[in-house]
file run31.cif (mmCIF, C-alpha atoms)
data_final
#
loop_
_atom_site.label_atom_id
_atom_site.label_comp_id
_atom_site.auth_asym_id
_atom_site.auth_seq_id
_atom_site.Cartn_x
_atom_site.Cartn_y
_atom_site.Cartn_z
CA MET A 1 -22.14 -34.36 -1.16
CA PHE A 2 -24.71 -31.91 0.21
CA ARG A 3 -23.68 -32.76 3.78
CA ASN A 4 -20.01 -32.03 3.02
CA ASN A 5 -20.89 -28.70 1.35
CA LYS A 6 -23.05 -27.76 4.31
CA VAL A 7 -20.17 -28.35 6.73
CA ALA A 8 -17.83 -26.34 4.50
CA TRP A 9 -20.25 -23.39 4.43
CA LEU A 10 -20.51 -23.51 8.23
CA PHE A 11 -16.73 -23.07 8.46
CA VAL A 12 -16.74 -20.25 5.90
CA LEU A 13 -19.79 -18.46 7.38
CA PRO A 14 -17.97 -16.47 10.12
CA ALA A 15 -15.51 -15.06 7.57
CA LEU A 16 -18.39 -14.19 5.22
CA VAL A 17 -20.26 -12.42 8.03
CA PHE A 18 -17.18 -10.35 8.93
CA LEU A 19 -16.63 -9.56 5.23
CA LEU A 20 -20.23 -8.42 4.85
CA VAL A 21 -20.34 -6.36 8.05
CA PHE A 22 -16.91 -4.74 7.94
CA LYS A 23 -16.21 -4.54 4.17
CA ILE A 24 -19.25 -4.82 1.89
CA TRP A 25 -21.69 -2.92 4.12
CA PRO A 26 -19.39 0.12 4.70
CA ILE A 27 -18.70 0.31 0.95
CA GLY A 28 -22.44 0.36 0.24
CA VAL A 29 -23.01 3.02 2.89
CA SER A 30 -20.19 5.13 1.45
CA VAL A 31 -21.61 4.94 -2.08
CA ILE A 32 -25.10 5.94 -0.86
CA GLU A 33 -23.63 8.72 1.29
CA SER A 34 -21.78 10.12 -1.74
CA LEU A 35 -25.14 10.72 -3.42
CA THR A 36 -26.37 12.95 -0.59
CA MET A 37 -25.52 16.40 0.66
CA THR A 38 -25.66 17.70 4.25
CA SER A 39 -27.00 21.22 4.81
CA TYR A 40 -25.76 23.62 7.50
CA THR A 41 -28.68 22.49 9.71
CA GLY A 42 -27.50 18.89 9.55
CA THR A 43 -30.27 17.55 7.33
CA LYS A 44 -29.39 15.34 4.36
CA SER A 45 -30.89 15.47 0.90
CA PHE A 46 -30.44 13.24 -2.14
CA VAL A 47 -28.48 15.11 -4.82
CA GLY A 48 -27.50 12.30 -7.19
CA PHE A 49 -24.09 12.79 -8.78
CA GLU A 50 -23.67 16.46 -7.84
CA ASN A 51 -20.80 15.70 -5.45
CA TYR A 52 -18.92 13.90 -8.22
CA GLU A 53 -19.68 16.66 -10.71
CA TYR A 54 -18.36 19.30 -8.34
CA LEU A 55 -15.19 17.29 -7.65
CA PHE A 56 -14.39 16.77 -11.33
CA LYS A 57 -15.37 20.23 -12.59
CA HIS A 58 -14.91 22.77 -9.80
CA ASP A 59 -12.60 21.35 -7.12
CA PRO A 60 -8.87 22.09 -7.68
CA VAL A 61 -8.01 20.73 -4.21
CA PHE A 62 -9.37 17.33 -5.24
CA TRP A 63 -7.35 17.30 -8.47
CA LYS A 64 -4.20 18.32 -6.60
CA SER A 65 -4.78 15.50 -4.11
CA PHE A 66 -5.56 13.10 -6.97
CA SER A 67 -2.27 13.88 -8.73
CA VAL A 68 -0.26 13.57 -5.50
CA THR A 69 -1.89 10.20 -4.71
CA LEU A 70 -1.24 8.92 -8.23
CA LEU A 71 2.41 10.00 -8.15
CA TYR A 72 2.89 8.53 -4.69
CA SER A 73 1.39 5.16 -5.66
CA ILE A 74 3.20 4.89 -9.00
CA ILE A 75 6.53 5.31 -7.17
CA VAL A 76 5.97 3.49 -3.88
CA ASN A 77 4.23 0.35 -5.18
CA PRO A 78 7.00 -0.87 -7.52
CA LEU A 79 9.66 0.15 -4.98
CA ILE A 80 8.13 -1.94 -2.20
CA VAL A 81 7.51 -4.96 -4.44
CA LEU A 82 11.02 -4.88 -5.94
CA THR A 83 12.69 -4.30 -2.58
CA SER A 84 10.80 -7.10 -0.87
CA LEU A 85 11.42 -9.46 -3.81
CA LEU A 86 15.17 -8.72 -3.81
CA MET A 87 15.31 -9.23 -0.05
CA ALA A 88 13.53 -12.58 -0.42
CA LEU A 89 15.88 -13.70 -3.20
CA LEU A 90 18.93 -12.83 -1.09
CA LEU A 91 17.59 -14.49 2.04
CA ASN A 92 16.10 -17.64 0.51
CA SER A 93 18.35 -20.10 2.35
CA SER A 94 18.55 -21.80 5.73
CA HIS A 95 21.85 -20.39 7.00
CA PHE A 96 22.04 -18.73 10.42
CA PHE A 97 22.85 -15.30 9.02
CA THR A 98 19.94 -15.37 6.56
CA LYS A 99 17.57 -16.22 9.42
CA PHE A 100 19.02 -13.36 11.46
CA PHE A 101 18.58 -10.84 8.63
CA ARG A 102 15.05 -12.08 7.92
CA THR A 103 14.20 -11.15 11.50
CA VAL A 104 15.96 -7.77 11.19
CA PHE A 105 14.16 -6.89 7.95
CA PHE A 106 10.81 -8.02 9.33
CA LEU A 107 11.09 -6.06 12.60
CA PRO A 108 9.83 -2.69 11.21
CA THR A 109 6.58 -4.46 10.27
CA ALA A 110 5.99 -5.26 13.94
CA ILE A 111 5.83 -1.52 14.68
CA SER A 112 2.55 0.26 13.96
CA PHE A 113 2.47 2.96 11.30
CA ALA A 114 1.63 5.54 13.96
CA VAL A 115 4.78 4.74 15.98
CA VAL A 116 6.93 4.57 12.83
CA SER A 117 5.59 7.96 11.76
CA VAL A 118 6.48 9.53 15.11
CA ILE A 119 10.00 8.03 14.97
CA TRP A 120 10.61 9.31 11.44
CA MET A 121 9.19 12.73 12.33
CA ILE A 122 11.67 13.00 15.21
CA VAL A 123 14.66 11.66 13.26
CA LEU A 124 13.96 13.88 10.22
CA ASP A 125 13.08 17.00 12.20
CA PRO A 126 14.68 19.87 10.21
CA TYR A 127 15.94 21.65 13.35
CA ASN A 128 16.79 19.07 16.02
CA GLY A 129 16.59 15.79 14.14
CA LEU A 130 19.19 13.04 14.26
CA ALA A 131 19.52 12.93 10.45
CA ASN A 132 20.58 16.58 10.17
CA SER A 133 23.00 16.13 13.09
CA PHE A 134 24.80 13.45 11.09
CA LEU A 135 24.70 15.52 7.90
CA THR A 136 26.27 18.56 9.56
CA MET A 137 28.82 16.33 11.31
CA PHE A 138 30.11 15.18 7.91
CA GLY A 139 30.05 18.66 6.40
CA PHE A 140 26.74 18.50 4.50
CA LYS A 141 24.02 21.11 4.59
CA PRO A 142 21.01 20.34 6.83
CA GLN A 143 17.87 19.37 4.91
CA PRO A 144 14.24 20.46 5.49
CA PHE A 145 12.87 16.93 4.88
CA PHE A 146 9.13 16.94 5.72
CA ALA A 147 9.11 20.75 5.83
CA SER A 148 9.96 20.95 2.11
CA PRO A 149 7.36 20.60 -0.69
CA ASP A 150 10.03 18.87 -2.79
CA GLN A 151 11.17 16.38 -0.15
CA ALA A 152 8.09 15.62 1.96
CA LEU A 153 6.48 13.12 -0.42
CA TRP A 154 9.80 11.32 -0.91
CA GLY A 155 10.10 11.09 2.86
CA LEU A 156 6.71 9.38 3.07
CA ILE A 157 7.71 7.01 0.25
CA LEU A 158 10.94 5.99 2.01
CA LEU A 159 9.08 5.58 5.29
CA ASN A 160 6.57 3.25 3.64
CA VAL A 161 9.27 1.23 1.85
CA TRP A 162 11.26 0.82 5.09
CA ARG A 163 8.22 -0.24 7.10
CA SER A 164 6.43 -2.48 4.56
CA SER A 165 9.12 -4.29 2.57
CA GLY A 166 9.85 -6.84 5.29
CA TYR A 167 6.19 -7.78 5.48
CA TRP A 168 5.83 -8.57 1.78
CA MET A 169 9.25 -10.26 1.81
CA MET A 170 7.72 -13.03 3.94
CA TYR A 171 5.13 -13.74 1.25
CA PHE A 172 7.84 -14.07 -1.39
CA LEU A 173 9.88 -16.31 0.89
CA ALA A 174 6.85 -18.53 1.48
CA GLY A 175 6.30 -18.78 -2.29
CA MET A 176 9.94 -19.66 -2.91
CA GLN A 177 9.89 -22.35 -0.24
CA ASN A 178 7.14 -24.11 -2.20
CA ILE A 179 9.22 -24.37 -5.39
CA PRO A 180 10.56 -27.95 -5.70
CA GLU A 181 14.32 -28.22 -5.26
CA THR A 182 14.45 -30.79 -8.05
CA LEU A 183 13.83 -28.02 -10.59
CA TYR A 184 16.93 -26.14 -9.46
CA GLU A 185 18.98 -29.36 -9.39
CA ALA A 186 17.95 -30.15 -12.96
CA ALA A 187 18.85 -26.60 -14.04
CA GLU A 188 22.29 -26.90 -12.40
CA ILE A 189 22.92 -30.15 -14.26
CA ASP A 190 22.13 -28.29 -17.49
CA GLY A 191 24.64 -25.61 -16.51
CA ALA A 192 22.18 -22.82 -15.69
CA SER A 193 23.57 -19.79 -13.84
CA THR A 194 22.00 -18.28 -10.71
CA LEU A 195 20.56 -15.41 -12.75
CA SER A 196 19.12 -17.83 -15.30
CA LYS A 197 17.49 -19.93 -12.57
CA THR A 198 15.97 -16.79 -11.08
CA PHE A 199 14.36 -15.65 -14.33
CA LYS A 200 13.53 -19.08 -15.75
CA ILE A 201 12.36 -20.89 -12.60
CA THR A 202 11.84 -18.67 -9.55
CA LEU A 203 9.95 -15.73 -11.07
CA PRO A 204 7.63 -17.79 -13.32
CA LEU A 205 6.71 -20.05 -10.39
CA LEU A 206 6.02 -16.98 -8.21
CA THR A 207 3.27 -15.74 -10.53
CA ARG A 208 0.44 -15.97 -8.03
CA THR A 209 2.53 -14.62 -5.17
CA ILE A 210 3.64 -11.64 -7.25
CA SER A 211 0.06 -10.95 -8.32
CA PHE A 212 -1.22 -11.09 -4.75
CA VAL A 213 1.55 -8.90 -3.34
CA LEU A 214 1.20 -6.36 -6.14
CA VAL A 215 -2.57 -6.01 -5.79
CA ALA A 216 -2.67 -6.08 -1.98
CA ASN A 217 0.23 -3.61 -1.72
CA THR A 218 -1.45 -1.26 -4.21
CA ALA A 219 -4.69 -1.20 -2.22
CA PHE A 220 -2.76 -0.67 1.02
CA ASN A 221 -0.75 2.26 -0.34
CA PHE A 222 -3.68 4.03 -1.96
CA LEU A 223 -5.30 4.03 1.49
CA SER A 224 -2.24 5.47 3.29
CA PHE A 225 -3.35 7.79 6.05
CA ALA A 226 -1.42 7.60 9.34
CA PRO A 227 1.94 9.08 8.16
CA VAL A 228 0.19 12.00 6.46
CA TYR A 229 -2.04 12.66 9.46
CA ILE A 230 0.78 12.46 12.00
CA ILE A 231 3.71 14.04 10.14
CA THR A 232 2.68 16.43 7.37
CA LYS A 233 -1.08 17.12 7.67
CA GLY A 234 -1.16 17.12 3.86
CA GLY A 235 1.49 19.82 3.57
CA PRO A 236 3.63 21.63 2.92
CA MET A 237 1.62 23.36 0.17
CA GLY A 238 -0.50 20.23 -0.42
CA SER A 239 2.51 18.18 -1.56
CA THR A 240 1.49 15.18 0.58
CA ASN A 241 -2.28 15.65 0.60
CA LEU A 242 -3.27 12.10 -0.35
CA LEU A 243 -6.89 11.36 -1.24
CA MET A 244 -7.48 9.38 1.95
CA TYR A 245 -6.40 12.33 4.06
CA GLU A 246 -8.45 14.73 1.93
CA SER A 247 -11.48 12.52 2.51
CA TYR A 248 -10.80 12.59 6.26
CA LYS A 249 -10.57 16.40 6.29
CA SER A 250 -13.76 16.71 4.31
CA ALA A 251 -15.65 14.42 6.68
CA PHE A 252 -14.31 15.30 10.13
CA VAL A 253 -12.97 18.85 9.71
CA ASN A 254 -15.39 20.38 7.21
CA LEU A 255 -18.28 18.00 8.10
CA ASP A 256 -19.04 17.41 4.41
CA MET A 257 -19.82 13.69 4.40
CA GLY A 258 -21.11 13.74 0.82
CA ARG A 259 -17.82 15.04 -0.59
CA ALA A 260 -15.79 12.72 1.67
CA SER A 261 -17.80 9.66 0.59
CA ALA A 262 -17.51 10.65 -3.07
CA ILE A 263 -13.71 10.86 -2.73
CA THR A 264 -13.64 7.47 -0.99
CA THR A 265 -15.78 5.91 -3.72
CA ILE A 266 -13.53 7.35 -6.43
CA LEU A 267 -10.52 5.99 -4.55
CA LEU A 268 -12.13 2.56 -4.48
CA GLY A 269 -12.68 2.76 -8.24
CA ILE A 270 -9.03 3.72 -8.80
CA ILE A 271 -7.87 0.74 -6.73
CA LEU A 272 -10.09 -1.62 -8.75
CA VAL A 273 -8.74 -0.26 -12.05
CA PHE A 274 -5.11 -0.53 -10.92
CA SER A 275 -5.70 -4.02 -9.55
CA PHE A 276 -7.28 -5.17 -12.82
CA PHE A 277 -4.34 -3.99 -14.93
CA GLU A 278 -1.79 -5.36 -12.46
CA LEU A 279 -3.40 -8.79 -12.59
CA ARG A 280 -3.39 -8.68 -16.38
CA PHE A 281 0.24 -7.54 -16.45
CA THR A 282 1.54 -10.22 -14.10
CA ARG A 283 -0.34 -12.91 -15.98
CA ALA A 284 1.08 -11.81 -19.31
CA ARG A 285 4.61 -11.15 -18.01
CA PHE A 286 5.16 -14.32 -16.01
CA GLU A 287 2.78 -16.86 -17.55
CA TYR A 288 4.28 -20.32 -17.91
#
call {"tool": "encode", "arguments": {"input": "run31.cif", "output": "C-alpha cells"}}
result
Amino acid sequence: MFRNNKVAWLFVLPALVFLLVFKIWPIGVSVIESLTMTSYTGTKSFVGFENYEYLFKHDPVFWKSFSVTLLYSIIVNPLIVLTSLLMALLLNSSHFFTKFFRTVFFLPTAISFAVVSVIWMIVLDPYNGLANSFLTMFGFKPQPFFASPDQALWGLILLNVWRSSGYWMMYFLAGMQNIPETLYEAAEIDGASTLSKTFKITLPLLTRTISFVLVANTAFNFLSFAPVYIITKGGPMGSTNLLMYESYKSAFVNLDMGRASAITTILLGIILVFSFFELRFTRARFEY
C-alpha cells in the first residue's frame, strides 16, 4: 500500500511543484506586499492594513473600478455559461454538420485574447470600422462603440462571450458524451419530450460540469485584462476600468506596489466568495 502511494505521489509531485511555484507562492507574495508601502526613495516599510483602509475609505477610483468589475462579471459569466451550454445542447450529435459547427464555434478560442482585441478594435472603430460601414450602408446611424461610456463595457462583454463560449462548450459536450444513452432510450419509451429529457436527465447529470465551468469561468472573467489594456485603457470615463487593470496601473504606472497588491488580494477574495456561492447554488439547483 505504501509503495503504491509513493509511486502516486511521484506522479503528482511535478504538478504540485508547479502549483506551489506559480500559484501559491505568488499569492503569498502578493498578500505580504499588500501590507507594505513603498516610499518615493524606493524603500519599503510595513504598514499593516493601511492600504486596505485607504482603498475602502478614501479611494473613489477603487470603488468605481469595483462596481464596474462587479457589473461586468454579473453579466458576462451567466451569458458565457448559458451560451456555451445552449451550443453544446444543439451540437450534441455525431452528424457531419454538427461536427462542422463545433469546429466553427471553437475557432475563436484558438485566437489569443490580444489578437481578438485588436480585431474587435479595428472592426468597431467609430470612424473607419467595418461595423459602422455596414450600419451606414443599411441606413442606420454610426455608433461610437468603445468610444462611448455607455457602450464600451457591453463591447467587452460581447467580445468575451464570442471568444470564450466555444471553449466552455467543449466541456459541456464532453460531459454530455458521458451520459449513458440507455437513460434517454428509457425516457423515450415513457414518452418524454426533448425538453423534458434535457431538464430531467441532461442537466442533472451535468452537475459537476456546470459547477466546474461556472467557477472556472468566473475566476477567468474577474481577471480579464488584455481587452481593457489593448482597446479601452479603462475608459472612456472609467467605464471599463476593471480591477485587474486598475491593479496594473497602480503597480506599473504609479509604482505603488502596496496598493496594487491590496487590490489583487481583494480580487482574490471576491473570486473565492463568488466561487463558494456558485458551488452551493449548482449543488442545490441540480442535485439528484
call {"tool": "closest_residue", "arguments": {"input": "run31.cif", "among": "A:Met37, A:Ile210, A:Ala186, A:Val61", "to": "Tyr245 of chain A", "atoms": "only C-alpha atoms"}}
result
A:Val61
call {"tool": "resolve_selection", "arguments": {"input": "run31.cif", "expression": "the PyMOL selection byres ((chain A and resi 120) around 12)", "output": "CSV table (one decimal) with C-alpha atoms, in the coordinates of the input"}}
result
chain,number,residue,atom,x,y,z
A,113,PHE,CA,2.5,3.0,11.3
A,114,ALA,CA,1.6,5.5,14.0
A,115,VAL,CA,4.8,4.7,16.0
A,116,VAL,CA,6.9,4.6,12.8
A,117,SER,CA,5.6,8.0,11.8
A,118,VAL,CA,6.5,9.5,15.1
A,119,ILE,CA,10.0,8.0,15.0
A,121,MET,CA,9.2,12.7,12.3
A,122,ILE,CA,11.7,13.0,15.2
A,123,VAL,CA,14.7,11.7,13.3
A,124,LEU,CA,14.0,13.9,10.2
A,125,ASP,CA,13.1,17.0,12.2
A,126,PRO,CA,14.7,19.9,10.2
A,129,GLY,CA,16.6,15.8,14.1
A,130,LEU,CA,19.2,13.0,14.3
A,131,ALA,CA,19.5,12.9,10.4
A,145,PHE,CA,12.9,16.9,4.9
A,146,PHE,CA,9.1,16.9,5.7
A,152,ALA,CA,8.1,15.6,2.0
A,155,GLY,CA,10.1,11.1,2.9
A,156,LEU,CA,6.7,9.4,3.1
A,157,ILE,CA,7.7,7.0,0.2
A,158,LEU,CA,10.9,6.0,2.0
A,159,LEU,CA,9.1,5.6,5.3
A,160,ASN,CA,6.6,3.2,3.6
A,162,TRP,CA,11.3,0.8,5.1
A,163,ARG,CA,8.2,-0.2,7.1
A,227,PRO,CA,1.9,9.1,8.2
A,228,VAL,CA,0.2,12.0,6.5
A,230,ILE,CA,0.8,12.5,12.0
A,231,ILE,CA,3.7,14.0,10.1
A,232,THR,CA,2.7,16.4,7.4
call {"tool": "residues_around", "arguments": {"input": "run31.cif", "residues": "Lys197 of chain A", "least_positions_apart": "5", "cutoff": "8 Å", "atoms": "all atoms listed in the file", "output": "list in words"}}
result
Tyr184, Ala187, Ala192 and Thr202 of chain A
call {"tool": "closest_residue", "arguments": {"input": "run31.cif", "among": "A:Ala219, A:Tyr171, A:Phe22, A:Tyr52", "to": "Ser261 of chain A", "atoms": "only C-alpha atoms"}}
result
A:Tyr52
call {"tool": "closest_residue", "arguments": {"input": "run31.cif", "among": "A:Lys141, A:Arg102, A:Arg208, A:Lys44", "to": "Ser165 of chain A", "atoms": "only C-alpha atoms"}}
result
A:Arg102
call {"tool": "atom_distance", "arguments": {"input": "run31.cif", "atom1": "atom CA of Thr194 of chain A", "atom2": "atom CA of Val81 of chain A"}}
result
20.7 Å
call {"tool": "resolve_selection", "arguments": {"input": "run31.cif", "expression": "the PyMOL selection byres ((chain A and resi 110) around 10)", "output": "ChimeraX atom specification"}}
result
/A:106-109,111-113,116,163-164,166-167
call {"tool": "residues_around", "arguments": {"input": "run31.cif", "residues": "Glu278 of chain A", "least_positions_apart": "3", "cutoff": "9 Å", "atoms": "only C-alpha atoms", "output": "NGL selection string"}}
result
:A and (211 or 214-215 or 273-275 or 281-283)
call {"tool": "atom_distance", "arguments": {"input": "run31.cif", "atom1": "atom CA of Leu223 of chain A", "atom2": "atom CA of Leu268 of chain A"}}
result
9.2 Å
call {"tool": "decode", "arguments": {"input": "run31.cif", "residues": "segment 209-229 of chain A", "atoms": "N, CA, C and O atoms", "output": "PDB file, in the first residue's frame"}}
result
ATOM      1  N   THR A 209     -20.002  19.213 -14.178  1.00  0.00           N
ATOM      2  CA  THR A 209     -19.500  20.003 -15.307  1.00  0.00           C
ATOM      3  C   THR A 209     -19.955  21.450 -15.193  1.00  0.00           C
ATOM      4  O   THR A 209     -19.169  22.380 -15.409  1.00  0.00           O
ATOM      5  N   ILE A 210     -21.221  21.647 -14.862  1.00  0.00           N
ATOM      6  CA  ILE A 210     -21.750  23.006 -14.700  1.00  0.00           C
ATOM      7  C   ILE A 210     -21.017  23.732 -13.580  1.00  0.00           C
ATOM      8  O   ILE A 210     -20.645  24.907 -13.719  1.00  0.00           O
ATOM      9  N   SER A 211     -20.796  23.052 -12.466  1.00  0.00           N
ATOM     10  CA  SER A 211     -20.088  23.661 -11.341  1.00  0.00           C
ATOM     11  C   SER A 211     -18.681  24.080 -11.738  1.00  0.00           C
ATOM     12  O   SER A 211     -18.240  25.198 -11.446  1.00  0.00           O
ATOM     13  N   PHE A 212     -17.979  23.177 -12.426  1.00  0.00           N
ATOM     14  CA  PHE A 212     -16.602  23.490 -12.837  1.00  0.00           C
ATOM     15  C   PHE A 212     -16.570  24.668 -13.801  1.00  0.00           C
ATOM     16  O   PHE A 212     -15.771  25.600 -13.631  1.00  0.00           O
ATOM     17  N   VAL A 213     -17.414  24.634 -14.825  1.00  0.00           N
ATOM     18  CA  VAL A 213     -17.425  25.701 -15.822  1.00  0.00           C
ATOM     19  C   VAL A 213     -17.788  27.033 -15.182  1.00  0.00           C
ATOM     20  O   VAL A 213     -17.161  28.064 -15.463  1.00  0.00           O
ATOM     21  N   LEU A 214     -18.776  27.019 -14.302  1.00  0.00           N
ATOM     22  CA  LEU A 214     -19.215  28.248 -13.654  1.00  0.00           C
ATOM     23  C   LEU A 214     -18.105  28.864 -12.820  1.00  0.00           C
ATOM     24  O   LEU A 214     -17.824  30.068 -12.917  1.00  0.00           O
ATOM     25  N   VAL A 215     -17.445  28.054 -12.008  1.00  0.00           N
ATOM     26  CA  VAL A 215     -16.392  28.563 -11.122  1.00  0.00           C
ATOM     27  C   VAL A 215     -15.159  28.988 -11.928  1.00  0.00           C
ATOM     28  O   VAL A 215     -14.611  30.081 -11.709  1.00  0.00           O
ATOM     29  N   ALA A 216     -14.717  28.140 -12.855  1.00  0.00           N
ATOM     30  CA  ALA A 216     -13.533  28.472 -13.647  1.00  0.00           C
ATOM     31  C   ALA A 216     -13.770  29.699 -14.518  1.00  0.00           C
ATOM     32  O   ALA A 216     -12.889  30.566 -14.647  1.00  0.00           O
ATOM     33  N   ASN A 217     -14.951  29.809 -15.098  1.00  0.00           N
ATOM     34  CA  ASN A 217     -15.286  30.961 -15.933  1.00  0.00           C
ATOM     35  C   ASN A 217     -15.357  32.247 -15.116  1.00  0.00           C
ATOM     36  O   ASN A 217     -14.929  33.310 -15.564  1.00  0.00           O
ATOM     37  N   THR A 218     -15.879  32.140 -13.891  1.00  0.00           N
ATOM     38  CA  THR A 218     -15.940  33.310 -13.003  1.00  0.00           C
ATOM     39  C   THR A 218     -14.545  33.825 -12.686  1.00  0.00           C
ATOM     40  O   THR A 218     -14.277  35.039 -12.782  1.00  0.00           O
ATOM     41  N   ALA A 219     -13.650  32.928 -12.307  1.00  0.00           N
ATOM     42  CA  ALA A 219     -12.278  33.332 -11.988  1.00  0.00           C
ATOM     43  C   ALA A 219     -11.607  33.959 -13.208  1.00  0.00           C
ATOM     44  O   ALA A 219     -10.917  34.987 -13.101  1.00  0.00           O
ATOM     45  N   PHE A 220     -11.825  33.353 -14.368  1.00  0.00           N
ATOM     46  CA  PHE A 220     -11.213  33.857 -15.596  1.00  0.00           C
ATOM     47  C   PHE A 220     -11.697  35.268 -15.921  1.00  0.00           C
ATOM     48  O   PHE A 220     -10.900  36.148 -16.282  1.00  0.00           O
ATOM     49  N   ASN A 221     -12.994  35.514 -15.776  1.00  0.00           N
ATOM     50  CA  ASN A 221     -13.543  36.815 -16.148  1.00  0.00           C
ATOM     51  C   ASN A 221     -13.213  37.912 -15.140  1.00  0.00           C
ATOM     52  O   ASN A 221     -13.049  39.071 -15.522  1.00  0.00           O
ATOM     53  N   PHE A 222     -13.124  37.566 -13.872  1.00  0.00           N
ATOM     54  CA  PHE A 222     -12.718  38.566 -12.887  1.00  0.00           C
ATOM     55  C   PHE A 222     -11.287  39.041 -13.141  1.00  0.00           C
ATOM     56  O   PHE A 222     -10.926  40.154 -12.750  1.00  0.00           O
ATOM     57  N   LEU A 223     -10.485  38.188 -13.783  1.00  0.00           N
ATOM     58  CA  LEU A 223      -9.087  38.528 -14.043  1.00  0.00           C
ATOM     59  C   LEU A 223      -8.878  39.047 -15.464  1.00  0.00           C
ATOM     60  O   LEU A 223      -7.746  39.086 -15.952  1.00  0.00           O
ATOM     61  N   SER A 224      -9.951  39.453 -16.142  1.00  0.00           N
ATOM     62  CA  SER A 224      -9.832  39.985 -17.509  1.00  0.00           C
ATOM     63  C   SER A 224      -8.914  41.203 -17.541  1.00  0.00           C
ATOM     64  O   SER A 224      -9.045  42.120 -16.728  1.00  0.00           O
ATOM     65  N   PHE A 225      -7.998  41.199 -18.503  1.00  0.00           N
ATOM     66  CA  PHE A 225      -7.027  42.286 -18.566  1.00  0.00           C
ATOM     67  C   PHE A 225      -6.735  42.726 -19.995  1.00  0.00           C
ATOM     68  O   PHE A 225      -6.799  43.913 -20.319  1.00  0.00           O
ATOM     69  N   ALA A 226      -6.413  41.761 -20.872  1.00  0.00           N
ATOM     70  CA  ALA A 226      -5.930  42.092 -22.220  1.00  0.00           C
ATOM     71  C   ALA A 226      -6.869  43.006 -23.009  1.00  0.00           C
ATOM     72  O   ALA A 226      -6.414  44.011 -23.579  1.00  0.00           O
ATOM     73  N   PRO A 227      -8.198  42.715 -23.086  1.00  0.00           N
ATOM     74  CA  PRO A 227      -9.067  43.604 -23.875  1.00  0.00           C
ATOM     75  C   PRO A 227      -9.091  45.037 -23.348  1.00  0.00           C
ATOM     76  O   PRO A 227      -9.125  45.994 -24.130  1.00  0.00           O
ATOM     77  N   VAL A 228      -9.076  45.178 -22.023  1.00  0.00           N
ATOM     78  CA  VAL A 228      -9.092  46.522 -21.433  1.00  0.00           C
ATOM     79  C   VAL A 228      -7.795  47.249 -21.753  1.00  0.00           C
ATOM     80  O   VAL A 228      -7.785  48.421 -22.144  1.00  0.00           O
ATOM     81  N   TYR A 229      -6.684  46.543 -21.595  1.00  0.00           N
ATOM     82  CA  TYR A 229      -5.370  47.146 -21.835  1.00  0.00           C
ATOM     83  C   TYR A 229      -5.195  47.560 -23.290  1.00  0.00           C
ATOM     84  O   TYR A 229      -4.649  48.626 -23.590  1.00  0.00           O
TER      85      TYR A 229
END
